[in-house]
Amino acid sequence: MWLLHFVPDNLLHYVINAFLFSGIGLYILGLLSNFIRFMTPYKEMIRIISTLLIIVSIYFYGRYTTDQEWRAKVEAAQAQVAAAEAKAQQVNTQVETKIVTQTQVIHDKQIVIQHEIQAVEKQIDSECKLDPVVVKIVNDAAQNPNEVKK
Amino acid sequence: MKKLLLISLLLLTGCQAVPVVEKFPDVPKELLVSCPDLSKVESNTAKLSDVLEVVSTNYSKYYECKVKIDNWIEWYNSQQKIFNSIK
């Protein structure tokens, strides 16, 4: 059956219809053969062939339409996935832009703070004597507790 | 008989995989960098300004990390919404 995928859809549809209508035509011919003398000996053969043609072509017609429905569903799903991927990419761009902007704001603020500290550095250092334990406590607080455990 | 076998093989439908595969979305590279460790004050310093500088740097590091986490959450929620919209 998979070989039928190589046959163009229009051609396949045409062939199936041709088989179906040939079968119907032959069946009618079979019915009329009672009245056409030279065809009477072939009456049974015509009926068998036409019935077979009708059955086979109806089967293939069913398969063809089901196949077309599935193909349409797959195409719809592919379109949805493509749209989702485009949206996902859009979200990525938005998030990237947001991170860069927000990080830049933090950097800028940090520079301002550093300048403020430098501006009052002498004032702070002259009026305050730092106990070494302060450094120890600040560094202990900055230490990642999970790294200490290791 | 051999021909019949060959024909029956050709007629096999077989199991065809449905050609619809959704690619896992890429994460922005900024989000894949882990947060840095906090800076420490030099142990021999006696200046409060040095401590202040380190503390303010650490605040900045915290906010940079917060930006990453917040954006991770936003990225995840947005991608989940997109994924769930596919029926």
# chains A, B, ... in the order shown; residues from 1 in each chain; ligands from 1
call {"tool": "residues_around", "arguments": {"residues": "stretch 54-59 of chain A", "least_positions_apart": "3", "cutoff": "6 Å", "atoms": "only C-alpha atoms", "output": "list in words"}}
result
Ile16, Phe19, Leu20, Gly23, Thr51 and Gly62 of chain A
call {"tool": "residues_around", "arguments": {"residues": "A:Ala76", "least_positions_apart": "5", "cutoff": "12 Å", "atoms": "only C-alpha atoms", "output": "ChimeraX atom specification"}}
result
/A:69-71,81-83 /B:19-20,86-87
call {"tool": "write_last_selection", "arguments": {"atoms": "N, CA and C atoms", "output": "CSV table (one decimal), in the first residue's frame"}}
result
chain,number,residue,atom,x,y,z
A,69,GLU,N,-7.7,12.1,4.7
A,69,GLU,CA,-8.0,12.7,6.0
A,69,GLU,C,-6.9,12.7,7.0
A,70,TRP,N,-6.1,11.6,7.0
A,70,TRP,CA,-4.9,11.5,7.9
A,70,TRP,C,-3.9,12.5,7.5
A,71,ARG,N,-3.7,12.6,6.2
A,71,ARG,CA,-2.7,13.5,5.6
A,71,ARG,C,-3.0,14.9,6.0
A,81,VAL,N,2.7,22.8,15.0
A,81,VAL,CA,4.1,22.7,15.6
A,81,VAL,C,5.0,23.8,15.1
A,82,ALA,N,4.9,24.1,13.8
A,82,ALA,CA,5.7,25.2,13.2
A,82,ALA,C,5.3,26.5,13.9
A,83,ALA,N,4.0,26.7,14.1
A,83,ALA,CA,3.6,28.0,14.7
A,83,ALA,C,4.1,28.1,16.2
B,19,PRO,N,4.9,11.9,10.9
B,19,PRO,CA,6.0,12.9,10.7
B,19,PRO,C,5.8,14.2,11.4
B,20,VAL,N,5.3,14.2,12.6
B,20,VAL,CA,5.1,15.4,13.4
B,20,VAL,C,6.0,15.4,14.7
B,86,ILE,N,-0.8,23.3,21.8
B,86,ILE,CA,-0.8,22.3,20.6
B,86,ILE,C,-1.8,21.2,21.0
B,87,LYS,N,-2.8,21.0,20.1
B,87,LYS,CA,-3.8,19.9,20.4
B,87,LYS,C,-3.5,18.7,19.6
call {"tool": "interface_residues", "arguments": {"of": "chain A", "to": "chain B", "cutoff": "9 Å", "atoms": "only C-alpha atoms", "output": "PDB file with C-alpha atoms, in the first residue's frame"}}
result
ATOM      1  CA  MET A   1       0.000   0.000   0.000  1.00  0.00           C
ATOM      2  CA  TRP A   2       2.842   2.371   0.749  1.00  0.00           C
ATOM      3  CA  LEU A   3       3.757   2.176  -2.921  1.00  0.00           C
ATOM      4  CA  VAL A  74      -0.773  15.529   9.867  1.00  0.00           C
ATOM      5  CA  GLU A  75      -0.459  18.737   7.856  1.00  0.00           C
ATOM      6  CA  ALA A  77      -0.437  19.192  13.253  1.00  0.00           C
ATOM      7  CA  GLN A  78       2.757  20.166  11.396  1.00  0.00           C
ATOM      8  CA  GLN A  80       0.598  23.900  14.644  1.00  0.00           C
ATOM      9  CA  VAL A  81       4.069  22.684  15.585  1.00  0.00           C
ATOM     10  CA  ALA A  82       5.691  25.185  13.215  1.00  0.00           C
ATOM     11  CA  ALA A  84       4.525  26.845  18.244  1.00  0.00           C
ATOM     12  CA  GLU A  85       8.220  26.762  17.345  1.00  0.00           C
ATOM     13  CA  LYS A  87       6.260  31.461  19.129  1.00  0.00           C
ATOM     14  CA  ALA A  88       8.904  29.708  21.259  1.00  0.00           C
ATOM     15  CA  GLN A  89      11.627  31.510  19.335  1.00  0.00           C
ATOM     16  CA  VAL A  91       9.638  34.142  23.621  1.00  0.00           C
ATOM     17  CA  ASN A  92      13.380  33.393  23.617  1.00  0.00           C
ATOM     18  CA  THR A  93      14.129  36.698  21.912  1.00  0.00           C
ATOM     19  CA  VAL A  95      13.550  36.848  27.388  1.00  0.00           C
ATOM     20  CA  GLU A  96      17.063  37.452  26.012  1.00  0.00           C
ATOM     21  CA  LYS A  98      14.871  41.422  28.977  1.00  0.00           C
ATOM     22  CA  ILE A  99      17.892  39.767  30.604  1.00  0.00           C
ATOM     23  CA  VAL A 100      20.355  41.999  28.754  1.00  0.00           C
ATOM     24  CA  GLN A 102      17.852  44.295  33.255  1.00  0.00           C
ATOM     25  CA  THR A 103      21.479  43.224  33.737  1.00  0.00           C
ATOM     26  CA  ILE A 106      22.033  46.542  37.536  1.00  0.00           C
ATOM     27  CA  HIS A 107      25.569  47.197  36.202  1.00  0.00           C
ATOM     28  CA  LYS A 109      23.475  51.113  39.316  1.00  0.00           C
ATOM     29  CA  GLN A 110      26.543  49.258  40.623  1.00  0.00           C
ATOM     30  CA  ILE A 113      27.173  53.082  43.944  1.00  0.00           C
ATOM     31  CA  GLN A 114      30.925  52.447  43.494  1.00  0.00           C
ATOM     32  CA  ILE A 117      31.575  55.014  47.881  1.00  0.00           C
ATOM     33  CA  GLN A 118      34.751  56.390  46.275  1.00  0.00           C
ATOM     34  CA  VAL A 120      33.028  59.457  50.564  1.00  0.00           C
ATOM     35  CA  GLU A 121      35.793  56.903  51.024  1.00  0.00           C
ATOM     36  CA  LYS A 122      38.100  59.136  53.061  1.00  0.00           C
ATOM     37  CA  ILE A 124      34.063  56.820  56.002  1.00  0.00           C
ATOM     38  CA  ASP A 125      37.506  55.402  56.650  1.00  0.00           C
ATOM     39  CA  SER A 126      38.609  58.307  58.860  1.00  0.00           C
ATOM     40  CA  CYS A 128      35.338  54.374  61.478  1.00  0.00           C
ATOM     41  CA  LYS A 129      37.802  51.875  62.806  1.00  0.00           C
ATOM     42  CA  LEU A 130      37.064  48.424  61.490  1.00  0.00           C
ATOM     43  CA  ASP A 131      37.350  45.485  63.817  1.00  0.00           C
ATOM     44  CA  PRO A 132      38.863  42.439  62.014  1.00  0.00           C
ATOM     45  CA  VAL A 134      33.666  42.386  60.887  1.00  0.00           C
ATOM     46  CA  VAL A 135      35.596  41.117  57.863  1.00  0.00           C
ATOM     47  CA  LYS A 136      35.352  37.576  59.149  1.00  0.00           C
ATOM     48  CA  VAL A 138      31.008  39.410  56.255  1.00  0.00           C
ATOM     49  CA  ASN A 139      33.112  36.724  54.571  1.00  0.00           C
ATOM     50  CA  ASP A 140      31.374  33.947  56.491  1.00  0.00           C
ATOM     51  CA  ALA A 142      29.248  35.514  51.767  1.00  0.00           C
ATOM     52  CA  GLN A 143      30.417  31.904  51.860  1.00  0.00           C
ATOM     53  CA  ASN A 144      28.016  29.474  50.184  1.00  0.00           C
TER      54      ASN A 144
END
call {"tool": "atom_distance", "arguments": {"atom1": "atom CA of A:Pro8", "atom2": "atom CA of A:Lys73"}}
result
18.8 Å
